[in-house]
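Structure data follow from data12.pdb (PDB, C-alpha atoms and all ligand atoms):
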```
ATOM      1  CA  MET A   1     -15.234  -4.824   1.337  1.00  0.00           C
ATOM      2  CA  PHE A   2     -12.846  -7.773   1.618  1.00  0.00           C
ATOM      3  CA  ILE A   3     -14.329 -10.596   3.639  1.00  0.00           C
ATOM      4  CA  GLU A   4     -11.954 -12.970   5.426  1.00  0.00           C
ATOM      5  CA  THR A   5     -13.499 -16.344   4.686  1.00  0.00           C
ATOM      6  CA  SER A   6     -10.747 -18.736   5.779  1.00  0.00           C
ATOM      7  CA  LEU A   7      -8.096 -17.484   8.164  1.00  0.00           C
ATOM      8  CA  GLY A   8      -6.924 -20.678   9.857  1.00  0.00           C
ATOM      9  CA  LYS A   9      -4.407 -22.991   8.213  1.00  0.00           C
ATOM     10  CA  GLY A  10      -6.778 -25.932   8.331  1.00  0.00           C
ATOM     11  CA  ALA A  11      -9.830 -24.015   7.163  1.00  0.00           C
ATOM     12  CA  GLY A  12      -9.412 -24.857   3.461  1.00  0.00           C
ATOM     13  CA  LYS A  13      -8.982 -28.280   1.875  1.00  0.00           C
ATOM     14  CA  GLU A  14      -6.221 -27.053  -0.399  1.00  0.00           C
ATOM     15  CA  LYS A  15      -3.892 -24.057  -0.133  1.00  0.00           C
ATOM     16  CA  LYS A  16      -5.412 -21.627  -2.602  1.00  0.00           C
ATOM     17  CA  GLY A  17      -3.681 -18.280  -2.984  1.00  0.00           C
ATOM     18  CA  HIS A  18      -5.028 -14.913  -3.988  1.00  0.00           C
ATOM     19  CA  ILE A  19      -4.082 -11.241  -4.384  1.00  0.00           C
ATOM     20  CA  GLU A  20      -5.545  -8.362  -2.340  1.00  0.00           C
ATOM     21  CA  VAL A  21      -4.796  -4.709  -3.126  1.00  0.00           C
ATOM     22  CA  ILE A  22      -5.339  -1.781  -0.761  1.00  0.00           C
ATOM     23  CA  CYS A  23      -5.103   1.535  -2.628  1.00  0.00           C
ATOM     24  CA  GLY A  24      -5.890   5.217  -2.147  1.00  0.00           C
ATOM     25  CA  SER A  25      -4.286   8.610  -1.619  1.00  0.00           C
ATOM     26  CA  MET A  26      -1.760   9.538   1.022  1.00  0.00           C
ATOM     27  CA  PHE A  27      -3.188   9.525   4.591  1.00  0.00           C
ATOM     28  CA  SER A  28      -6.123   7.316   3.516  1.00  0.00           C
ATOM     29  CA  GLY A  29      -5.263   4.476   5.915  1.00  0.00           C
ATOM     30  CA  LYS A  30      -3.607   2.032   3.486  1.00  0.00           C
ATOM     31  CA  THR A  31      -0.813   1.129   5.889  1.00  0.00           C
ATOM     32  CA  GLU A  32      -3.157   0.873   8.872  1.00  0.00           C
ATOM     33  CA  GLU A  33      -5.396  -1.501   6.913  1.00  0.00           C
ATOM     34  CA  LEU A  34      -2.394  -3.553   5.769  1.00  0.00           C
ATOM     35  CA  ILE A  35      -1.112  -3.836   9.357  1.00  0.00           C
ATOM     36  CA  ARG A  36      -4.609  -4.765  10.602  1.00  0.00           C
ATOM     37  CA  ARG A  37      -4.882  -7.635   8.109  1.00  0.00           C
ATOM     38  CA  LEU A  38      -1.358  -8.869   8.815  1.00  0.00           C
ATOM     39  CA  ASN A  39      -1.894  -8.789  12.589  1.00  0.00           C
ATOM     40  CA  ARG A  40      -5.068 -10.850  12.208  1.00  0.00           C
ATOM     41  CA  ALA A  41      -3.164 -13.390  10.125  1.00  0.00           C
ATOM     42  CA  LEU A  42      -0.537 -13.562  12.900  1.00  0.00           C
ATOM     43  CA  ILE A  43      -3.294 -14.100  15.489  1.00  0.00           C
ATOM     44  CA  ALA A  44      -4.466 -16.994  13.293  1.00  0.00           C
ATOM     45  CA  ARG A  45      -0.904 -18.396  13.679  1.00  0.00           C
ATOM     46  CA  GLN A  46      -0.139 -17.999  10.015  1.00  0.00           C
ATOM     47  CA  GLN A  47       3.406 -17.420   8.863  1.00  0.00           C
ATOM     48  CA  VAL A  48       3.635 -13.851   7.610  1.00  0.00           C
ATOM     49  CA  GLU A  49       6.435 -12.140   5.656  1.00  0.00           C
ATOM     50  CA  ILE A  50       6.345  -8.362   5.190  1.00  0.00           C
ATOM     51  CA  PHE A  51       8.300  -6.284   2.690  1.00  0.00           C
ATOM     52  CA  LYS A  52       8.735  -2.649   1.746  1.00  0.00           C
ATOM     53  CA  PRO A  53      10.883  -0.854  -0.858  1.00  0.00           C
ATOM     54  CA  ALA A  54      14.291   0.002   0.599  1.00  0.00           C
ATOM     55  CA  LEU A  55      13.993   3.582  -0.651  1.00  0.00           C
ATOM     56  CA  ASP A  56      11.135   4.347   1.746  1.00  0.00           C
ATOM     57  CA  THR A  57      13.052   5.086   4.921  1.00  0.00           C
ATOM     58  CA  ARG A  58      10.823   7.957   6.070  1.00  0.00           C
ATOM     59  CA  TYR A  59       9.914   6.561   9.478  1.00  0.00           C
ATOM     60  CA  HIS A  60      12.122   3.537  10.014  1.00  0.00           C
ATOM     61  CA  ALA A  61      14.690   1.433   8.138  1.00  0.00           C
ATOM     62  CA  TYR A  62      12.863  -1.843   8.835  1.00  0.00           C
ATOM     63  CA  ASP A  63       9.366  -1.183  10.170  1.00  0.00           C
ATOM     64  CA  VAL A  64       6.288  -0.458   8.081  1.00  0.00           C
ATOM     65  CA  VAL A  65       4.870   2.541   9.999  1.00  0.00           C
ATOM     66  CA  SER A  66       1.538   4.318   9.474  1.00  0.00           C
ATOM     67  CA  HIS A  67       0.964   8.061   9.850  1.00  0.00           C
ATOM     68  CA  ASN A  68      -0.765   7.101  13.091  1.00  0.00           C
ATOM     69  CA  GLU A  69       2.421   5.346  14.241  1.00  0.00           C
ATOM     70  CA  THR A  70       1.130   1.774  14.213  1.00  0.00           C
ATOM     71  CA  ALA A  71       4.029  -0.388  13.063  1.00  0.00           C
ATOM     72  CA  ILE A  72       5.051  -3.885  12.028  1.00  0.00           C
ATOM     73  CA  ARG A  73       8.506  -5.313  11.298  1.00  0.00           C
ATOM     74  CA  SER A  74       9.376  -5.707   7.595  1.00  0.00           C
ATOM     75  CA  THR A  75      12.250  -6.562   5.281  1.00  0.00           C
ATOM     76  CA  PRO A  76      13.396  -3.721   2.994  1.00  0.00           C
ATOM     77  CA  ILE A  77      13.992  -4.875  -0.600  1.00  0.00           C
ATOM     78  CA  GLN A  78      15.632  -3.325  -3.674  1.00  0.00           C
ATOM     79  CA  PHE A  79      13.878  -5.321  -6.391  1.00  0.00           C
ATOM     80  CA  ALA A  80      10.503  -7.040  -6.623  1.00  0.00           C
ATOM     81  CA  GLN A  81      12.269 -10.332  -7.486  1.00  0.00           C
ATOM     82  CA  ASP A  82      13.917 -10.316  -4.035  1.00  0.00           C
ATOM     83  CA  ILE A  83      10.530 -11.200  -2.543  1.00  0.00           C
ATOM     84  CA  LEU A  84      10.481 -14.560  -4.336  1.00  0.00           C
ATOM     85  CA  LEU A  85      13.709 -15.561  -2.606  1.00  0.00           C
ATOM     86  CA  LEU A  86      12.759 -14.182   0.807  1.00  0.00           C
ATOM     87  CA  ALA A  87       9.085 -15.202   1.115  1.00  0.00           C
ATOM     88  CA  GLY A  88      10.019 -18.859   1.608  1.00  0.00           C
ATOM     89  CA  ASN A  89       7.227 -21.129   2.759  1.00  0.00           C
ATOM     90  CA  CYS A  90       5.061 -18.461   4.391  1.00  0.00           C
ATOM     91  CA  ASP A  91       1.257 -18.297   4.196  1.00  0.00           C
ATOM     92  CA  VAL A  92       0.843 -14.529   3.820  1.00  0.00           C
ATOM     93  CA  VAL A  93       2.988 -11.917   2.052  1.00  0.00           C
ATOM     94  CA  GLY A  94       2.396  -8.232   2.868  1.00  0.00           C
ATOM     95  CA  ILE A  95       3.985  -5.434   0.842  1.00  0.00           C
ATOM     96  CA  ASP A  96       3.662  -1.701   1.555  1.00  0.00           C
ATOM     97  CA  GLU A  97       4.386   1.251  -0.772  1.00  0.00           C
ATOM     98  CA  VAL A  98       4.184  -0.962  -3.886  1.00  0.00           C
ATOM     99  CA  GLN A  99       4.173   2.125  -6.130  1.00  0.00           C
ATOM    100  CA  PHE A 100       7.924   2.330  -5.502  1.00  0.00           C
ATOM    101  CA  LEU A 101       8.636  -1.203  -6.750  1.00  0.00           C
ATOM    102  CA  ASP A 102       9.601  -2.104 -10.302  1.00  0.00           C
ATOM    103  CA  ALA A 103       7.118  -3.551 -12.818  1.00  0.00           C
ATOM    104  CA  GLY A 104       8.325  -7.064 -11.914  1.00  0.00           C
ATOM    105  CA  ILE A 105       6.076  -6.940  -8.822  1.00  0.00           C
ATOM    106  CA  VAL A 106       3.093  -7.936 -10.996  1.00  0.00           C
ATOM    107  CA  GLU A 107       4.693 -11.246 -12.013  1.00  0.00           C
ATOM    108  CA  VAL A 108       5.975 -11.775  -8.477  1.00  0.00           C
ATOM    109  CA  ALA A 109       2.493 -11.298  -6.978  1.00  0.00           C
ATOM    110  CA  ILE A 110       0.992 -13.741  -9.492  1.00  0.00           C
ATOM    111  CA  ARG A 111       3.659 -16.372  -8.772  1.00  0.00           C
ATOM    112  CA  LEU A 112       3.267 -16.062  -5.006  1.00  0.00           C
ATOM    113  CA  ALA A 113      -0.527 -16.359  -5.235  1.00  0.00           C
ATOM    114  CA  ASN A 114      -0.187 -19.368  -7.532  1.00  0.00           C
ATOM    115  CA  GLN A 115       2.036 -20.985  -4.900  1.00  0.00           C
ATOM    116  CA  GLY A 116      -0.968 -20.791  -2.555  1.00  0.00           C
ATOM    117  CA  LYS A 117      -0.012 -17.636  -0.681  1.00  0.00           C
ATOM    118  CA  ARG A 118      -2.279 -14.768   0.350  1.00  0.00           C
ATOM    119  CA  VAL A 119      -0.622 -11.675  -1.132  1.00  0.00           C
ATOM    120  CA  ILE A 120      -1.626  -8.271   0.281  1.00  0.00           C
ATOM    121  CA  LEU A 121      -0.251  -5.171  -1.456  1.00  0.00           C
ATOM    122  CA  ALA A 122      -0.784  -1.570  -0.362  1.00  0.00           C
ATOM    123  CA  GLY A 123       0.134   1.574  -2.265  1.00  0.00           C
ATOM    124  CA  LEU A 124      -0.787   4.822  -3.978  1.00  0.00           C
ATOM    125  CA  ASP A 125      -3.097   4.457  -6.983  1.00  0.00           C
ATOM    126  CA  MET A 126      -2.397   8.008  -8.240  1.00  0.00           C
ATOM    127  CA  ASP A 127       0.634  10.291  -8.272  1.00  0.00           C
ATOM    128  CA  PHE A 128       0.802  14.008  -7.399  1.00  0.00           C
ATOM    129  CA  GLU A 129      -0.583  14.850 -10.868  1.00  0.00           C
ATOM    130  CA  GLY A 130      -3.644  12.667 -10.384  1.00  0.00           C
ATOM    131  CA  ARG A 131      -2.363  10.091 -12.870  1.00  0.00           C
ATOM    132  CA  PRO A 132      -2.162   6.289 -12.345  1.00  0.00           C
ATOM    133  CA  PHE A 133       0.968   5.352 -10.378  1.00  0.00           C
ATOM    134  CA  GLU A 134       2.585   2.343 -12.099  1.00  0.00           C
ATOM    135  CA  PRO A 135       2.643  -0.580 -11.346  1.00  0.00           C
ATOM    136  CA  MET A 136      -0.577  -0.175  -9.336  1.00  0.00           C
ATOM    137  CA  PRO A 137      -2.958  -0.335 -12.368  1.00  0.00           C
ATOM    138  CA  GLN A 138      -1.572  -3.790 -13.312  1.00  0.00           C
ATOM    139  CA  LEU A 139      -1.865  -5.011  -9.730  1.00  0.00           C
ATOM    140  CA  LEU A 140      -5.473  -3.830  -9.538  1.00  0.00           C
ATOM    141  CA  ALA A 141      -6.199  -5.825 -12.701  1.00  0.00           C
ATOM    142  CA  VAL A 142      -4.833  -9.132 -11.404  1.00  0.00           C
ATOM    143  CA  ALA A 143      -6.164  -8.847  -7.827  1.00  0.00           C
ATOM    144  CA  GLU A 144      -9.126 -10.886  -6.588  1.00  0.00           C
ATOM    145  CA  TYR A 145      -9.943  -8.269  -3.937  1.00  0.00           C
ATOM    146  CA  VAL A 146      -9.523  -4.495  -4.192  1.00  0.00           C
ATOM    147  CA  THR A 147     -10.087  -2.032  -1.355  1.00  0.00           C
ATOM    148  CA  LYS A 148      -9.959   1.698  -2.065  1.00  0.00           C
ATOM    149  CA  VAL A 149      -9.644   3.726   1.113  1.00  0.00           C
ATOM    150  CA  HIS A 150     -10.141   7.490   1.468  1.00  0.00           C
ATOM    151  CA  ALA A 151      -8.535  10.256   3.465  1.00  0.00           C
ATOM    152  CA  ILE A 152     -10.195  13.501   4.585  1.00  0.00           C
ATOM    153  CA  CYS A 153      -9.752  16.513   2.286  1.00  0.00           C
ATOM    154  CA  MET A 154      -7.626  19.099   4.088  1.00  0.00           C
ATOM    155  CA  LYS A 155      -9.457  21.920   2.270  1.00  0.00           C
ATOM    156  CA  CYS A 156     -13.135  21.044   2.670  1.00  0.00           C
ATOM    157  CA  GLY A 157     -13.487  17.922   4.854  1.00  0.00           C
ATOM    158  CA  ASP A 158     -15.007  15.690   2.148  1.00  0.00           C
ATOM    159  CA  LEU A 159     -13.567  12.291   1.280  1.00  0.00           C
ATOM    160  CA  ALA A 160     -10.188  12.642  -0.448  1.00  0.00           C
ATOM    161  CA  SER A 161      -8.767  10.468  -3.249  1.00  0.00           C
ATOM    162  CA  TYR A 162      -5.893  12.717  -4.339  1.00  0.00           C
ATOM    163  CA  SER A 163      -2.439  13.511  -2.947  1.00  0.00           C
ATOM    164  CA  TYR A 164      -1.728  17.210  -3.482  1.00  0.00           C
ATOM    165  CA  ARG A 165       1.963  18.184  -3.559  1.00  0.00           C
ATOM    166  CA  LEU A 166       2.622  21.407  -1.685  1.00  0.00           C
ATOM    167  CA  ASN A 167       5.939  22.222  -3.377  1.00  0.00           C
ATOM    168  CA  GLU A 168       7.052  22.796  -6.974  1.00  0.00           C
ATOM    169  CA  ALA A 169       9.027  19.544  -7.431  1.00  0.00           C
ATOM    170  CA  LYS A 170       8.260  17.852 -10.738  1.00  0.00           C
ATOM    171  CA  GLU A 171       9.920  14.439 -10.172  1.00  0.00           C
ATOM    172  CA  LYS A 172       7.531  11.573  -9.779  1.00  0.00           C
ATOM    173  CA  VAL A 173       9.212  10.204  -6.665  1.00  0.00           C
ATOM    174  CA  VAL A 174       9.569  12.764  -3.872  1.00  0.00           C
ATOM    175  CA  LEU A 175       9.342  11.262  -0.401  1.00  0.00           C
ATOM    176  CA  GLY A 176       7.422  13.362   2.085  1.00  0.00           C
ATOM    177  CA  GLU A 177       4.811  13.799   4.730  1.00  0.00           C
ATOM    178  CA  LYS A 178       2.451  16.565   5.785  1.00  0.00           C
ATOM    179  CA  ASP A 179       5.216  19.071   5.056  1.00  0.00           C
ATOM    180  CA  SER A 180       5.028  18.274   1.329  1.00  0.00           C
ATOM    181  CA  TYR A 181       1.620  16.652   0.635  1.00  0.00           C
ATOM    182  CA  GLU A 182      -2.001  16.966   1.680  1.00  0.00           C
ATOM    183  CA  ALA A 183      -5.026  14.798   0.978  1.00  0.00           C
ATOM    184  CA  ARG A 184      -7.634  16.508  -1.208  1.00  0.00           C
ATOM    185  CA  CYS A 185     -10.979  15.701  -2.833  1.00  0.00           C
ATOM    186  CA  ARG A 186     -11.308  15.952  -6.639  1.00  0.00           C
ATOM    187  CA  LYS A 187     -12.637  19.540  -6.588  1.00  0.00           C
ATOM    188  CA  CYS A 188     -10.005  20.932  -4.228  1.00  0.00           C
ATOM    189  CA  PHE A 189      -7.213  18.988  -5.972  1.00  0.00           C
ATOM    190  CA  TYR A 190      -7.965  20.392  -9.442  1.00  0.00           C
ATOM    191  CA  GLU A 191      -8.557  23.915  -8.101  1.00  0.00           C
ATOM    192  CA  GLY A 192      -4.953  23.956  -6.953  1.00  0.00           C
ATOM    193  CA  PHE A 193      -3.431  22.065  -9.866  1.00  0.00           C
ATOM    194  CA  THR A 194      -3.570  22.461 -13.654  1.00  0.00           C
ATOM    195  CA  PRO A 195      -2.488  19.294 -15.496  1.00  0.00           C
TER     196      PRO A 195
HETATM  197  N1  LIG A 201      -6.186  14.085   5.836  1.00  0.00           N
HETATM  198  C1  LIG A 201      -6.233  12.956   6.558  1.00  0.00           C
HETATM  199  N2  LIG A 201      -7.254  12.105   6.403  1.00  0.00           N
HETATM  200  C2  LIG A 201      -7.316  10.962   7.140  1.00  0.00           C
HETATM  201  N3  LIG A 201      -6.375  10.583   8.035  1.00  0.00           N
HETATM  202  C3  LIG A 201      -5.327  11.403   8.223  1.00  0.00           C
HETATM  203  C4  LIG A 201      -5.210  12.624   7.508  1.00  0.00           C
HETATM  204  N4  LIG A 201      -4.071  13.214   7.900  1.00  0.00           N
HETATM  205  C5  LIG A 201      -3.515  12.394   8.818  1.00  0.00           C
HETATM  206  N5  LIG A 201      -4.236  11.299   9.004  1.00  0.00           N
HETATM  207  C6  LIG A 201      -3.829  10.168   9.865  1.00  0.00           C
HETATM  208  O1  LIG A 201      -3.305   9.190   9.007  1.00  0.00           O
HETATM  209  C7  LIG A 201      -3.745   7.901   9.446  1.00  0.00           C
HETATM  210  C8  LIG A 201      -3.636   6.917   8.289  1.00  0.00           C
HETATM  211  O2  LIG A 201      -2.261   6.673   8.072  1.00  0.00           O
HETATM  212  P1  LIG A 201      -1.721   5.582   7.086  1.00  0.00           P
HETATM  213  O3  LIG A 201      -2.370   4.259   7.346  1.00  0.00           O
HETATM  214  O4  LIG A 201      -0.225   5.615   7.196  1.00  0.00           O
HETATM  215  O5  LIG A 201      -2.185   6.130   5.667  1.00  0.00           O
HETATM  216  P2  LIG A 201      -1.555   5.853   4.228  1.00  0.00           P
HETATM  217  O6  LIG A 201      -0.745   4.588   4.314  1.00  0.00           O
HETATM  218  O7  LIG A 201      -2.731   5.713   3.322  1.00  0.00           O
HETATM  219  O8  LIG A 201      -0.724   7.064   3.905  1.00  0.00           O
HETATM  220  C9  LIG A 201      -5.128   8.162   9.974  1.00  0.00           C
HETATM  221  O9  LIG A 201      -5.564   7.184  10.907  1.00  0.00           O
HETATM  222  C10 LIG A 201      -4.976   9.522  10.643  1.00  0.00           C
HETATM  223  O10 LIG A 201      -4.526   9.374  11.968  1.00  0.00           O
HETATM  224  C1  LIG A 202       1.654  11.452  -4.474  1.00  0.00           C
HETATM  225  C2  LIG A 202       3.096  11.064  -4.433  1.00  0.00           C
HETATM  226  C3  LIG A 202       3.668  10.616  -3.252  1.00  0.00           C
HETATM  227  N1  LIG A 202       4.966  10.272  -3.220  1.00  0.00           N
HETATM  228  C4  LIG A 202       5.556   9.767  -1.961  1.00  0.00           C
HETATM  229  C5  LIG A 202       5.289  10.576  -0.730  1.00  0.00           C
HETATM  230  C6  LIG A 202       5.359   9.534   0.367  1.00  0.00           C
HETATM  231  O1  LIG A 202       6.753   9.400   0.713  1.00  0.00           O
HETATM  232  C7  LIG A 202       4.865   8.243  -0.316  1.00  0.00           C
HETATM  233  C8  LIG A 202       3.442   7.893  -0.009  1.00  0.00           C
HETATM  234  O2  LIG A 202       3.311   7.492   1.321  1.00  0.00           O
HETATM  235  P1  LIG A 202       1.899   7.112   2.013  1.00  0.00           P
HETATM  236  O3  LIG A 202       2.281   5.993   2.941  1.00  0.00           O
HETATM  237  O4  LIG A 202       0.939   6.681   0.952  1.00  0.00           O
HETATM  238  O5  LIG A 202       1.440   8.326   2.734  1.00  0.00           O
HETATM  239  O6  LIG A 202       4.982   8.503  -1.707  1.00  0.00           O
HETATM  240  C9  LIG A 202       5.737  10.331  -4.357  1.00  0.00           C
HETATM  241  O7  LIG A 202       6.939   9.978  -4.337  1.00  0.00           O
HETATM  242  N2  LIG A 202       5.193  10.771  -5.522  1.00  0.00           N
HETATM  243  C10 LIG A 202       3.891  11.133  -5.606  1.00  0.00           C
HETATM  244  O8  LIG A 202       3.435  11.532  -6.724  1.00  0.00           O
HETATM  245 ZN    ZN A 203     -12.072  19.170  -0.833  1.00  0.00          ZN
END
```
How does the structure come out when it is put into structure tokens?
Ligand SMILES: Nc1ncnc2c1ncn2[C@@H]1O[C@H](COP(=O)(O)OP(=O)(O)O)[C@@H](O)[C@H]1O
Ligand SMILES: Cc1cn([C@H]2C[C@H](O)[C@@H](COP(=O)(O)O)O2)c(=O)[nH]c1=O
Ligand SMILES: [Zn+2]
Amino acid sequence: MFIETSLGKGAGKEKKGHIEVICGSMFSGKTEELIRRLNRALIARQQVEIFKPALDTRYHAYDVVSHNETAIRSTPIQFAQDILLLAGNCDVVGIDEVQFLDAGIVEVAIRLANQGKRVILAGLDMDFEGRPFEPMPQLLAVAEYVTKVHAICMKCGDLASYSYRLNEAKEKVVLGEKDSYEARCRKCFYEGFTP
């Protein structure tokens, strides 16, 4: 569990950055947890910049929106490098759906943290085949704090770590919601899917 040790601007002697990753399956509460952390940073009067990949327009062009409809304003970006230009002098950088960003996000996260920023990234750790979703494995490796959240398996009610695709599409990136994916536990995921 990530513990917020110094929220206020004046709490630390020096501005020391770090990387936090929130990962898990679809519907596991990644976006809700990201929004919760960012709202607390705003309450602490920190300057917060929020980004999401421009391709994820499922709910809203600009807002980061959870399945539970909590939302926070964000800037859509095409490339990970765009964040370096747009983050400016902020204290906290939040990024949702990082699995859709290019591999450059790893270097970008490191540079932002080294500038003294708190960098919070949320995204899928596995794809519809139950395989690591790049660039998440690299982000998990360089993060100081990792939180893996779980959904509820739609088959049996256990904790779910997998995103089961309900259609036959084979492309890695297929945007969708409950119409095309459901959260499943390991057993129920592999019962319905042969790698
Ligand atoms: N199978 C499920 N397990 C848990 N929560 C679910 C499930 N299906 C829908 N939800 C809803 O999704 C919300 C989490 O949404 P969100 O934060 O957007 O998740 P994620 O970003 O991980 O996809 C939950 O609070 C709940 O209301
Ligand atoms: C497993 C998997 C998912 N996607 C897509 C489906 C959704 O549009 C997003 C995940 O959104 P969430 O906020 O985590 O619910 O990713 C995909 O393109 N490929 C996959 O393998
Ligand atoms: Zn199950």
(Q) With only C-alpha atoms as the counted atoms, please give the residues lying no more than 9 Å from region 35-44 of chain A, apart from itself and same-chain residues fewer than 4 positions off, as JSON, numbers by chain. (A) {"A": [7, 8, 9, 30, 31, 48, 50, 64, 65, 66, 70, 71, 72, 91, 92, 93, 94, 120]}
Could the residues in this selection be written to a file with C-alpha atoms, as a PDB file, in the coordinates of the input?
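Ended up saving to out-v2.pdb:
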```pdb
ATOM      1  CA  LEU A   7      -8.096 -17.484   8.164  1.00  0.00           C
ATOM      2  CA  GLY A   8      -6.924 -20.678   9.857  1.00  0.00           C
ATOM      3  CA  LYS A   9      -4.407 -22.991   8.213  1.00  0.00           C
ATOM      4  CA  LYS A  30      -3.607   2.032   3.486  1.00  0.00           C
ATOM      5  CA  THR A  31      -0.813   1.129   5.889  1.00  0.00           C
ATOM      6  CA  VAL A  48       3.635 -13.851   7.610  1.00  0.00           C
ATOM      7  CA  ILE A  50       6.345  -8.362   5.190  1.00  0.00           C
ATOM      8  CA  VAL A  64       6.288  -0.458   8.081  1.00  0.00           C
ATOM      9  CA  VAL A  65       4.870   2.541   9.999  1.00  0.00           C
ATOM     10  CA  SER A  66       1.538   4.318   9.474  1.00  0.00           C
ATOM     11  CA  THR A  70       1.130   1.774  14.213  1.00  0.00           C
ATOM     12  CA  ALA A  71       4.029  -0.388  13.063  1.00  0.00           C
ATOM     13  CA  ILE A  72       5.051  -3.885  12.028  1.00  0.00           C
ATOM     14  CA  ASP A  91       1.257 -18.297   4.196  1.00  0.00           C
ATOM     15  CA  VAL A  92       0.843 -14.529   3.820  1.00  0.00           C
ATOM     16  CA  VAL A  93       2.988 -11.917   2.052  1.00  0.00           C
ATOM     17  CA  GLY A  94       2.396  -8.232   2.868  1.00  0.00           C
ATOM     18  CA  ILE A 120      -1.626  -8.271   0.281  1.00  0.00           C
TER      19      ILE A 120
END
```
Spell out the residues picked by the PyMOL selection byres (((not hetatm)) within 10 of (chain A and resi 201)) here, as a CSV table (one decimal) with C-alpha atoms, in the coordinates of the input.
```csv
chain,number,residue,atom,x,y,z
A,22,ILE,CA,-5.3,-1.8,-0.8
A,23,CYS,CA,-5.1,1.5,-2.6
A,24,GLY,CA,-5.9,5.2,-2.1
A,25,SER,CA,-4.3,8.6,-1.6
A,26,MET,CA,-1.8,9.5,1.0
A,27,PHE,CA,-3.2,9.5,4.6
A,28,SER,CA,-6.1,7.3,3.5
A,29,GLY,CA,-5.3,4.5,5.9
A,30,LYS,CA,-3.6,2.0,3.5
A,31,THR,CA,-0.8,1.1,5.9
A,32,GLU,CA,-3.2,0.9,8.9
A,33,GLU,CA,-5.4,-1.5,6.9
A,34,LEU,CA,-2.4,-3.6,5.8
A,35,ILE,CA,-1.1,-3.8,9.4
A,36,ARG,CA,-4.6,-4.8,10.6
A,64,VAL,CA,6.3,-0.5,8.1
A,65,VAL,CA,4.9,2.5,10.0
A,66,SER,CA,1.5,4.3,9.5
A,67,HIS,CA,1.0,8.1,9.8
A,68,ASN,CA,-0.8,7.1,13.1
A,69,GLU,CA,2.4,5.3,14.2
A,70,THR,CA,1.1,1.8,14.2
A,71,ALA,CA,4.0,-0.4,13.1
A,96,ASP,CA,3.7,-1.7,1.6
A,97,GLU,CA,4.4,1.3,-0.8
A,122,ALA,CA,-0.8,-1.6,-0.4
A,123,GLY,CA,0.1,1.6,-2.3
A,124,LEU,CA,-0.8,4.8,-4.0
A,148,LYS,CA,-10.0,1.7,-2.1
A,149,VAL,CA,-9.6,3.7,1.1
A,150,HIS,CA,-10.1,7.5,1.5
A,151,ALA,CA,-8.5,10.3,3.5
A,152,ILE,CA,-10.2,13.5,4.6
A,153,CYS,CA,-9.8,16.5,2.3
A,154,MET,CA,-7.6,19.1,4.1
A,155,LYS,CA,-9.5,21.9,2.3
A,157,GLY,CA,-13.5,17.9,4.9
A,158,ASP,CA,-15.0,15.7,2.1
A,159,LEU,CA,-13.6,12.3,1.3
A,160,ALA,CA,-10.2,12.6,-0.4
A,161,SER,CA,-8.8,10.5,-3.2
A,163,SER,CA,-2.4,13.5,-2.9
A,177,GLU,CA,4.8,13.8,4.7
A,178,LYS,CA,2.5,16.6,5.8
A,181,TYR,CA,1.6,16.7,0.6
A,182,GLU,CA,-2.0,17.0,1.7
A,183,ALA,CA,-5.0,14.8,1.0
A,184,ARG,CA,-7.6,16.5,-1.2
```
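Near (-12.0, -8.3, -7.7), the residues that fall inside 10 Å on the basis of all atoms listed in the file are Phe2, Ile19, Glu20, Val21, Leu140, Ala141, Val142, Ala143, Glu144, Tyr145, Val146 and Thr147 of chain A.
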Around all of region 41-56 of chain A's listed atoms, make the axis-aligned box with 8 Å on each side and tell me centre and edge lengths in Å to one decimal, as lines of an AutoDock Vina configuration file.
```
center_x = 4.9
center_y = -7.0
center_z = 7.3
size_x = 34.8
size_y = 38.7
size_z = 32.3
```
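Straight-line separation from CA of Ala109 (chain A) to CA of Arg165 (chain A): 29.7 Å.
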Q: In Å, rounded to a single decimal, give me how far CA of Cys185 (chain A) is from CA of Ala169 (chain A).
A: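 Distance reported for this atom pair: 20.9 Å.
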Q. Skipping near chain neighbours, those fewer than 3 positions away, what residues fall within 10 Å of Leu175 (chain A) using only C-alpha atoms, listed as a list in words?
A.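 The residues that qualify are Leu55, Asp56, Thr57, Arg58, Lys172, Ser180 and Tyr181 of chain A.
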**Q.** Leu86 (chain A) environment, 10 Å, all atoms listed in the file, sequence neighbours closer than 6 positions dropped, as a list in words
**A.**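 Surrounding residues, per the criterion: Glu49, Ile50, Phe51, Thr75 and Ile77 of chain A.
Distances here use all atoms listed in the file; by that measure, the residue among A:Val173, A:Ala80, A:Leu166, A:Cys156 closest to Gly104 (chain A) is A:Ala80.
Using only C-alpha atoms, the nearest neighbour of Ala103 (chain A) within the list A:Pro137, A:Lys16, A:Arg131, A:Leu85 is A:Pro137.
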(Q) Report, in Å with one decimal, the straight-line distance from CA of Glu129 (chain A) to atom O8 of ligand LIG 202 (chain A). (A) 6.7 Å
Q: Name the closest residue to Ala87 (chain A) among the candidates A:Gly192, A:Ser74, A:Leu139, A:Pro132; distances are taken between atoms, counting only C-alpha atoms.
A: A:Ser74
**Q.** Of the listed residues A:Phe128, A:Tyr190, A:Phe79, A:Phe100, that which approaches ligand LIG 202 (chain A) most closely, counting all atoms listed in the file
**A.**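 Checking each of A:Phe128, A:Tyr190, A:Phe79, A:Phe100 against ligand LIG 202 (chain A), counting all atoms listed in the file, the winner is A:Phe128.
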Q. Restricting the calculation to all atoms listed in the file, which member of A:Ala113, A:Cys90, A:Cys188, A:Val98 is positioned closest to ligand LIG 202 (chain A)?
A. A:Val98
